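File shown: coords-v4.cif (mmCIF, C-alpha atoms).
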data_entry
loop_
_atom_site.group_PDB
_atom_site.id
_atom_site.type_symbol
_atom_site.label_atom_id
_atom_site.label_comp_id
_atom_site.auth_asym_id
_atom_site.auth_seq_id
_atom_site.Cartn_x
_atom_site.Cartn_y
_atom_site.Cartn_z
ATOM 1 C CA MET Q 1 -4.945 37.111 20.391
ATOM 2 C CA LEU Q 2 -2.857 35.713 17.529
ATOM 3 C CA TRP Q 3 0.360 36.598 19.336
ATOM 4 C CA PHE Q 4 -0.736 34.658 22.404
ATOM 5 C CA ILE Q 5 -1.391 31.610 20.260
ATOM 6 C CA ALA Q 6 1.876 32.063 18.360
ATOM 7 C CA ALA Q 7 3.853 32.261 21.589
ATOM 8 C CA GLY Q 8 2.211 29.151 23.019
ATOM 9 C CA SER Q 9 2.602 27.189 19.785
ATOM 10 C CA ALA Q 10 6.289 28.063 19.564
ATOM 11 C CA VAL Q 11 6.994 26.789 23.055
ATOM 12 C CA GLY Q 12 4.811 23.738 22.476
ATOM 13 C CA GLY Q 13 6.471 22.810 19.209
ATOM 14 C CA VAL Q 14 9.991 23.178 20.554
ATOM 15 C CA THR Q 15 9.068 21.206 23.684
ATOM 16 C CA ARG Q 16 7.743 18.423 21.474
ATOM 17 C CA TYR Q 17 10.958 18.399 19.465
ATOM 18 C CA LEU Q 18 13.233 18.274 22.505
ATOM 19 C CA LEU Q 19 11.229 15.917 24.685
ATOM 20 C CA GLY Q 20 10.108 13.708 21.832
ATOM 21 C CA THR Q 21 13.626 13.208 20.547
ATOM 22 C CA LEU Q 22 14.845 12.433 24.065
ATOM 23 C CA VAL Q 23 12.220 9.729 24.504
ATOM 24 C CA GLN Q 24 12.549 8.319 21.006
ATOM 25 C CA GLN Q 25 16.343 7.939 21.177
ATOM 26 C CA ARG Q 26 15.809 5.633 24.128
ATOM 27 C CA ALA Q 27 12.857 3.865 22.524
ATOM 28 C CA GLY Q 28 14.735 2.937 19.345
ATOM 29 C CA LEU Q 29 13.623 2.370 15.765
ATOM 30 C CA ALA Q 30 10.747 -0.030 16.264
ATOM 31 C CA PHE Q 31 7.933 2.095 17.710
ATOM 32 C CA PRO Q 32 7.082 5.820 17.739
ATOM 33 C CA LEU Q 33 6.940 6.005 21.516
ATOM 34 C CA GLY Q 34 7.999 9.649 21.572
ATOM 35 C CA THR Q 35 4.939 10.858 19.688
ATOM 36 C CA LEU Q 36 2.675 8.615 21.737
ATOM 37 C CA ILE Q 37 3.909 9.989 25.050
ATOM 38 C CA ILE Q 38 3.749 13.542 23.751
ATOM 39 C CA ASN Q 39 0.153 13.143 22.628
ATOM 40 C CA ILE Q 40 -0.966 11.472 25.856
ATOM 41 C CA THR Q 41 0.708 13.994 28.143
ATOM 42 C CA GLY Q 42 -0.592 16.808 25.958
ATOM 43 C CA SER Q 43 -4.117 15.439 26.266
ATOM 44 C CA LEU Q 44 -3.744 15.270 30.036
ATOM 45 C CA ILE Q 45 -2.525 18.857 30.172
ATOM 46 C CA LEU Q 46 -5.267 20.128 27.876
ATOM 47 C CA GLY Q 47 -8.009 18.380 29.810
ATOM 48 C CA PHE Q 48 -6.824 19.910 33.041
ATOM 49 C CA VAL Q 49 -5.955 23.404 31.816
ATOM 50 C CA LEU Q 50 -9.053 23.992 29.709
ATOM 51 C CA ARG Q 51 -11.532 22.790 32.336
ATOM 52 C CA TYR Q 52 -9.742 24.678 35.113
ATOM 53 C CA ALA Q 53 -9.268 27.893 33.133
ATOM 54 C CA LEU Q 54 -12.919 28.020 32.092
ATOM 55 C CA ALA Q 55 -13.984 27.776 35.718
ATOM 56 C CA THR Q 56 -11.932 30.663 37.077
ATOM 57 C CA PRO Q 57 -11.993 34.360 36.129
ATOM 58 C CA ALA Q 58 -8.336 34.614 37.050
ATOM 59 C CA ILE Q 59 -7.285 33.243 33.655
ATOM 60 C CA SER Q 60 -8.177 35.467 30.707
ATOM 61 C CA ALA Q 61 -9.315 34.183 27.332
ATOM 62 C CA GLU Q 62 -5.987 35.219 25.859
ATOM 63 C CA VAL Q 63 -3.940 33.279 28.412
ATOM 64 C CA ARG Q 64 -6.301 30.360 27.996
ATOM 65 C CA ALA Q 65 -5.645 30.425 24.258
ATOM 66 C CA LEU Q 66 -1.904 30.600 24.856
ATOM 67 C CA LEU Q 67 -2.019 27.472 26.995
ATOM 68 C CA THR Q 68 -4.533 25.411 25.020
ATOM 69 C CA THR Q 69 -4.625 26.305 21.328
ATOM 70 C CA GLY Q 70 -1.063 27.573 21.648
ATOM 71 C CA PHE Q 71 0.989 25.285 23.808
ATOM 72 C CA CYS Q 72 -1.076 22.082 23.648
ATOM 73 C CA GLY Q 73 -1.731 22.677 19.968
ATOM 74 C CA GLY Q 74 1.965 22.994 19.228
ATOM 75 C CA TYR Q 75 2.960 20.278 21.661
ATOM 76 C CA THR Q 76 0.666 17.493 20.461
ATOM 77 C CA THR Q 77 0.572 16.294 16.899
ATOM 78 C CA PHE Q 78 -1.979 14.405 14.869
ATOM 79 C CA SER Q 79 -0.104 14.675 11.592
ATOM 80 C CA THR Q 80 3.035 12.992 12.909
ATOM 81 C CA PHE Q 81 0.890 10.251 14.476
ATOM 82 C CA SER Q 82 -0.831 9.686 11.110
ATOM 83 C CA TYR Q 83 2.414 9.609 9.172
ATOM 84 C CA GLU Q 84 4.074 7.192 11.565
ATOM 85 C CA THR Q 85 1.051 4.879 11.434
ATOM 86 C CA ILE Q 86 1.177 4.805 7.631
ATOM 87 C CA ALA Q 87 4.949 4.278 7.751
ATOM 88 C CA LEU Q 88 4.466 1.268 10.054
ATOM 89 C CA MET Q 89 1.915 -0.175 7.662
ATOM 90 C CA GLU Q 90 4.279 0.409 4.731
ATOM 91 C CA GLU Q 91 6.815 -1.723 6.574
ATOM 92 C CA GLY Q 92 4.231 -4.462 6.969
ATOM 93 C CA GLN Q 93 3.993 -3.839 10.700
ATOM 94 C CA HIS Q 94 0.200 -3.917 10.734
ATOM 95 C CA LEU Q 95 -0.116 -5.165 14.295
ATOM 96 C CA ARG Q 96 2.235 -2.489 15.561
ATOM 97 C CA ALA Q 97 0.329 0.152 13.578
ATOM 98 C CA SER Q 98 -2.982 -0.996 15.067
ATOM 99 C CA VAL Q 99 -1.516 -0.963 18.565
ATOM 100 C CA TYR Q 100 -0.192 2.533 17.960
ATOM 101 C CA VAL Q 101 -3.582 3.801 16.812
ATOM 102 C CA LEU Q 102 -5.417 2.064 19.639
ATOM 103 C CA LEU Q 103 -3.069 3.273 22.358
ATOM 104 C CA SER Q 104 -3.020 6.801 20.987
ATOM 105 C CA VAL Q 105 -6.803 7.089 20.948
ATOM 106 C CA VAL Q 106 -7.669 5.155 24.112
ATOM 107 C CA LEU Q 107 -4.864 6.468 26.314
ATOM 108 C CA GLY Q 108 -5.304 9.947 24.845
ATOM 109 C CA LEU Q 109 -8.980 10.015 25.745
ATOM 110 C CA ALA Q 110 -8.258 8.538 29.172
ATOM 111 C CA ALA Q 111 -5.606 11.181 29.808
ATOM 112 C CA THR Q 112 -7.982 13.969 28.790
ATOM 113 C CA PHE Q 113 -10.602 12.551 31.119
ATOM 114 C CA LEU Q 114 -8.124 12.336 33.987
ATOM 115 C CA GLY Q 115 -7.103 15.927 33.314
ATOM 116 C CA ILE Q 116 -10.702 17.051 33.506
ATOM 117 C CA VAL Q 117 -11.296 15.103 36.710
ATOM 118 C CA GLY Q 118 -8.127 16.598 38.120
ATOM 119 C CA ALA Q 119 -9.326 20.104 37.320
ATOM 120 C CA ARG Q 120 -12.652 19.386 38.970
ATOM 121 C CA GLU Q 121 -10.941 18.113 42.117
ATOM 122 C CA VAL Q 122 -8.572 21.077 42.345
ATOM 123 C CA LEU Q 123 -11.481 23.483 41.877
ATOM 124 C CA ALA Q 124 -13.464 21.676 44.592
ATOM 125 C CA LEU Q 125 -10.441 21.870 46.874
ATOM 126 C CA ARG Q 126 -10.198 25.609 46.298
ATOM 127 C CA GLU Q 127 -13.869 26.007 47.239
ATOM 128 C CA ARG Q 128 -13.352 24.306 50.559
ATOM 129 C CA LEU Q 129 -10.332 26.422 51.523
ATOM 130 C CA MET E 1 33.455 15.110 -21.256
ATOM 131 C CA HIS E 2 35.647 12.478 -19.665
ATOM 132 C CA GLY E 3 35.807 8.795 -18.916
ATOM 133 C CA PHE E 4 38.206 6.021 -18.058
ATOM 134 C CA THR E 5 38.629 2.414 -17.055
ATOM 135 C CA GLY E 6 41.149 0.826 -14.737
ATOM 136 C CA GLU E 7 42.079 0.643 -11.079
ATOM 137 C CA ARG E 8 40.913 3.507 -8.931
ATOM 138 C CA VAL E 9 40.093 4.325 -5.322
ATOM 139 C CA LEU E 10 36.512 4.720 -4.119
ATOM 140 C CA MET E 11 36.152 7.250 -1.327
ATOM 141 C CA ARG E 12 32.958 6.953 0.682
ATOM 142 C CA ILE E 13 31.977 9.662 3.147
ATOM 143 C CA HIS E 14 29.199 9.128 5.691
ATOM 144 C CA ILE E 15 27.867 12.336 7.220
ATOM 145 C CA GLY E 16 24.573 13.767 8.419
ATOM 146 C CA GLU E 17 22.029 15.575 6.288
ATOM 147 C CA ARG E 18 22.169 18.605 8.556
ATOM 148 C CA ASP E 19 25.954 18.876 8.777
ATOM 149 C CA LYS E 20 27.032 22.315 7.621
ATOM 150 C CA TYR E 21 30.260 23.926 6.464
ATOM 151 C CA ARG E 22 30.366 27.709 6.337
ATOM 152 C CA GLY E 23 26.578 27.888 6.481
ATOM 153 C CA LYS E 24 25.846 25.596 3.540
ATOM 154 C CA PRO E 25 25.077 21.868 3.579
ATOM 155 C CA LEU E 26 28.335 19.913 3.986
ATOM 156 C CA TYR E 27 27.473 17.343 1.326
ATOM 157 C CA GLN E 28 26.877 20.149 -1.152
ATOM 158 C CA GLN E 29 30.182 21.812 -0.236
ATOM 159 C CA ILE E 30 32.039 18.524 -0.735
ATOM 160 C CA VAL E 31 30.494 17.949 -4.165
ATOM 161 C CA GLU E 32 31.194 21.526 -5.210
ATOM 162 C CA LEU E 33 34.813 21.217 -4.064
ATOM 163 C CA LEU E 34 35.356 17.967 -5.969
ATOM 164 C CA ARG E 35 33.773 19.403 -9.084
ATOM 165 C CA ALA E 36 35.757 22.620 -8.892
ATOM 166 C CA ARG E 37 38.958 20.550 -8.767
ATOM 167 C CA HIS E 38 37.742 18.526 -11.766
ATOM 168 C CA TYR E 39 37.458 15.220 -9.952
ATOM 169 C CA ALA E 40 35.930 12.472 -12.067
ATOM 170 C CA GLY E 41 32.585 12.548 -10.328
ATOM 171 C CA ALA E 42 30.662 12.396 -7.083
ATOM 172 C CA THR E 43 27.326 10.973 -6.017
ATOM 173 C CA VAL E 44 25.292 11.797 -2.938
ATOM 174 C CA THR E 45 22.758 9.363 -1.517
ATOM 175 C CA ARG E 46 20.334 9.923 1.329
ATOM 176 C CA ALA E 47 20.138 6.856 3.542
ATOM 177 C CA ILE E 48 16.911 5.793 5.208
ATOM 178 C CA MET E 49 18.243 4.647 8.547
ATOM 179 C CA GLY E 50 21.420 4.479 10.601
ATOM 180 C CA TYR E 51 23.491 5.380 13.607
ATOM 181 C CA GLY E 52 27.051 6.517 13.949
ATOM 182 C CA ALA E 53 29.786 7.629 16.289
ATOM 183 C CA SER E 54 27.405 9.335 18.725
ATOM 184 C CA SER E 55 25.030 6.320 18.671
ATOM 185 C CA ARG E 56 22.153 8.643 17.829
ATOM 186 C CA LEU E 57 19.452 6.825 15.848
ATOM 187 C CA HIS E 58 18.051 8.094 12.576
ATOM 188 C CA THR E 59 15.210 6.677 10.507
ATOM 189 C CA ASP E 60 12.738 8.028 8.001
ATOM 190 C CA ARG E 61 9.967 5.997 9.642
ATOM 191 C CA ILE E 62 9.683 8.024 12.848
ATOM 192 C CA GLU E 63 9.254 11.752 12.537
ATOM 193 C CA MET E 64 11.396 12.641 15.529
ATOM 194 C CA LEU E 65 14.323 10.593 14.251
ATOM 195 C CA SER E 66 14.027 11.693 10.646
ATOM 196 C CA LEU E 67 15.432 15.144 11.089
ATOM 197 C CA ASP E 68 19.091 14.358 10.356
ATOM 198 C CA LEU E 69 19.235 11.361 8.051
ATOM 199 C CA PRO E 70 22.546 9.811 6.990
ATOM 200 C CA ILE E 71 24.113 11.019 3.756
ATOM 201 C CA VAL E 72 26.753 9.123 1.771
ATOM 202 C CA VAL E 73 29.030 10.926 -0.680
ATOM 203 C CA GLU E 74 30.973 8.705 -3.080
ATOM 204 C CA CYS E 75 33.831 9.623 -5.364
ATOM 205 C CA VAL E 76 35.935 7.391 -7.603
ATOM 206 C CA GLU E 77 39.351 8.780 -8.578
ATOM 207 C CA THR E 78 43.023 7.911 -8.808
ATOM 208 C CA GLU E 79 44.801 7.199 -5.531
ATOM 209 C CA PRO E 80 47.019 10.306 -5.576
ATOM 210 C CA ARG E 81 44.079 12.610 -6.257
ATOM 211 C CA ILE E 82 42.042 11.097 -3.432
ATOM 212 C CA LEU E 83 44.951 11.353 -0.986
ATOM 213 C CA GLU E 84 45.561 14.919 -2.128
ATOM 214 C CA ILE E 85 42.048 16.100 -1.226
ATOM 215 C CA LEU E 86 41.769 14.299 2.125
ATOM 216 C CA PRO E 87 43.291 17.074 4.279
ATOM 217 C CA GLU E 88 40.836 19.616 2.859
ATOM 218 C CA LEU E 89 37.916 17.269 3.441
ATOM 219 C CA ASP E 90 39.159 16.570 6.950
ATOM 220 C CA ALA E 91 38.985 20.288 7.680
ATOM 221 C CA MET E 92 35.415 20.532 6.354
ATOM 222 C CA ILE E 93 33.984 17.426 8.004
ATOM 223 C CA GLY E 94 33.141 17.862 11.667
ATOM 224 C CA GLY E 95 32.290 14.236 12.292
ATOM 225 C CA GLY E 96 31.521 11.152 10.253
ATOM 226 C CA LEU E 97 33.010 8.108 8.592
ATOM 227 C CA VAL E 98 35.387 8.175 5.614
ATOM 228 C CA THR E 99 36.538 4.962 3.953
ATOM 229 C CA LEU E 100 38.731 4.139 0.972
ATOM 230 C CA GLU E 101 38.346 1.062 -1.220
ATOM 231 C CA ARG E 102 40.247 -0.259 -4.198
ATOM 232 C CA VAL E 103 37.939 -0.614 -7.188
ATOM 233 C CA LYS E 104 38.176 -1.653 -10.805
ATOM 234 C CA VAL E 105 36.329 0.750 -13.094
ATOM 235 C CA ILE E 106 35.145 -1.260 -16.073
ATOM 236 C CA MET E 107 32.947 1.419 -17.570
ATOM 237 C CA TYR E 108 32.773 5.185 -17.130
ATOM 238 C CA ARG E 109 31.640 7.314 -20.037
ATOM 239 C CA PRO E 110 29.237 10.126 -20.867
ATOM 240 C CA HIS E 111 25.884 9.334 -22.420
ATOM 241 C CA LEU E 112 26.420 8.600 -26.095
ATOM 242 C CA PRO E 113 24.601 6.728 -28.842
ATOM 243 C CA GLU E 114 26.077 3.303 -29.607
ATOM 244 C CA GLU E 115 27.958 4.449 -32.699
ATOM 245 C CA GLU E 116 29.983 7.046 -30.791
ATOM 246 C CA ARG E 117 31.160 4.938 -27.860
ATOM 247 C CA ALA E 118 34.409 3.727 -29.410
ATOM 248 C CA ASP E 119 36.519 6.217 -27.437
ATOM 249 C CA TRP E 120 35.342 4.783 -24.139
ATOM 250 C CA PRO E 121 35.415 0.991 -24.424
ATOM 251 C CA THR E 122 34.181 -1.104 -21.531
ATOM 252 C CA ASP E 123 36.941 -3.209 -19.972
ATOM 253 C CA PHE E 124 35.682 -6.772 -19.782
ATOM 254 C CA SER E 125 39.058 -8.232 -18.809
ATOM 255 C CA VAL E 126 38.192 -8.148 -15.093
ATOM 256 C CA SER E 127 41.692 -8.582 -13.679
ATOM 257 C CA TRP E 128 43.682 -6.379 -11.323
ATOM 258 C CA GLU E 129 46.737 -4.541 -12.588
ATOM 259 C CA ARG E 130 48.744 -5.689 -9.577
ATOM 260 C CA GLY E 131 47.873 -9.319 -10.254
ATOM 261 C CA GLY E 132 45.074 -11.649 -9.195
ATOM 262 C CA LYS E 133 41.493 -11.867 -10.342
ATOM 263 C CA VAL E 134 38.509 -9.800 -9.135
#
Write the structure described by the file as structure tokens, please.
Amino acid sequence: MLWFIAAGSAVGGVTRYLLGTLVQQRAGLAFPLGTLIINITGSLILGFVLRYALATPAISAEVRALLTTGFCGGYTTFSTFSYETIALMEEGQHLRASVYVLLSVVLGLAATFLGIVGAREVLALRERL
Amino acid sequence: MHGFTGERVLMRIHIGERDKYRGKPLYQQIVELLRARHYAGATVTRAIMGYGASSRLHTDRIEMLSLDLPIVVECVETEPRILEILPELDAMIGGGLVTLERVKVIMYRPHLPEEERADWPTDFSVSWERGGKV
């Protein structure tokens, strides 16, 4: 089980590094957009994968762990989000920090919800076919 | 122990924190080289933000951009000694910025109590050897 999680986390972490840097280089110095996008997309993926995987016997607990605890766990980051929020506040950018927190939480939850709805729809579609 | 006053050249090297030479950090290799050749001194500073020749951004405020922060290595020495080491540094440095400035060293001495500082007097004359004022 641990190896499944390790494998997923490794891929997730590296994906975060590569994708996050790509986004952030374009976003500039003013706002941690990279982390925000990573966390929102990760929430979307987790919502979908977890709900879908629990509903089908085709995906084992180990594979489920690889995708959720592993990949999504390594891909998203709460610690980086926290650090960047504090760093913004240190710079006196309190409004920007608040916006960052708000967007991260609200859009993150919304993305998770959409993922879950998506899983439900795909499962319903499979039933009909 | 050493010290001096007078006109010198300040060499400033801007590189990245992750730049390596032969497996070790480049800034460390540069300092070790200068020290091995008995250069007067070197100081390394980590910068908090910047961009360079590749226009890649770095800042300590955003985790994703904090992974290769700018490093500045400074060395003050005589002009011939600086020019002498440049080819070796050029071979070690993959990419970065190297500048040379003319400076007037008014004080450079080891830590000593007040009574023992006579051998290294501070130069308060503040004028350039080649003429003109600072």
Contacts of E:Leu57 within 9 Å, only C-alpha atoms, excl. fewer than 2 positions in-chain, as an mmCIF file with C-alpha atoms, in the frame of the given file:
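The file below, selection.cif, is the result:
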data_model
loop_
_atom_site.group_PDB
_atom_site.id
_atom_site.type_symbol
_atom_site.label_atom_id
_atom_site.label_comp_id
_atom_site.auth_asym_id
_atom_site.auth_seq_id
_atom_site.Cartn_x
_atom_site.Cartn_y
_atom_site.Cartn_z
ATOM 1 C CA GLN Q 24 12.549 8.319 21.006
ATOM 2 C CA GLN Q 25 16.343 7.939 21.177
ATOM 3 C CA GLY Q 28 14.735 2.937 19.345
ATOM 4 C CA LEU Q 29 13.623 2.370 15.765
ATOM 5 C CA MET E 49 18.243 4.647 8.547
ATOM 6 C CA GLY E 50 21.420 4.479 10.601
ATOM 7 C CA TYR E 51 23.491 5.380 13.607
ATOM 8 C CA GLY E 52 27.051 6.517 13.949
ATOM 9 C CA SER E 54 27.405 9.335 18.725
ATOM 10 C CA SER E 55 25.030 6.320 18.671
ATOM 11 C CA THR E 59 15.210 6.677 10.507
ATOM 12 C CA LEU E 65 14.323 10.593 14.251
ATOM 13 C CA SER E 66 14.027 11.693 10.646
#
Next on the checklist: Under the PyMOL selection byres ((chain Q) within 10 of (chain E)), which residues of this model are included? Write them out as a PyMOL selection string.
Outcome noted: chain Q and resi 16-35+79-81+83-88+90-91
Item to check | Residue among Q:Ile37, Q:Thr68, Q:Phe78, Q:Leu102 lying closest to Q:Leu54, counting only C-alpha atoms | outcome: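 Smallest distance to Q:Leu54 is found for Q:Thr68.
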Next on the checklist: Once the PyMOL selection byres ((chain Q and resi 64) around 10) has been evaluated on this model, what residues remain selected, and can you format them as a list of chain:residue names?
Outcome noted: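 Output from the PyMOL selection byres ((chain Q and resi 64) around 10), applied to this file: Q:Phe4, Q:Ile5, Q:Gly8, Q:Val49, Q:Leu50, Q:Tyr52, Q:Ala53, Q:Leu54, Q:Ile59, Q:Ser60, Q:Ala61, Q:Glu62, Q:Val63, Q:Ala65, Q:Leu66, Q:Leu67, Q:Thr68, Q:Thr69, Q:Gly70, Q:Phe71.
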Checklist entry - For the point (34.9, 6.1, 6.6) in file coordinates, what residues are within 7 Å, counting all atoms listed in the file? Give the answer as a ChimeraX atom specification? => result /E:12-14,97-99
Checklist entry - In Å, with one decimal, what is the gap from atom CA of E:Thr5 to atom CA of E:Met107? => result 5.8 Å
So that all listed atoms of stretch 102-118 of chain Q fit with 4 Å spare on each side, what axis-aligned box centre and edge lengths in Å, to one decimal, would you give as lines of an AutoDock Vina configuration file?
center_x = -7.2
center_y = 9.6
center_z = 28.9
size_x = 16.3
size_y = 23.0
size_z = 26.5
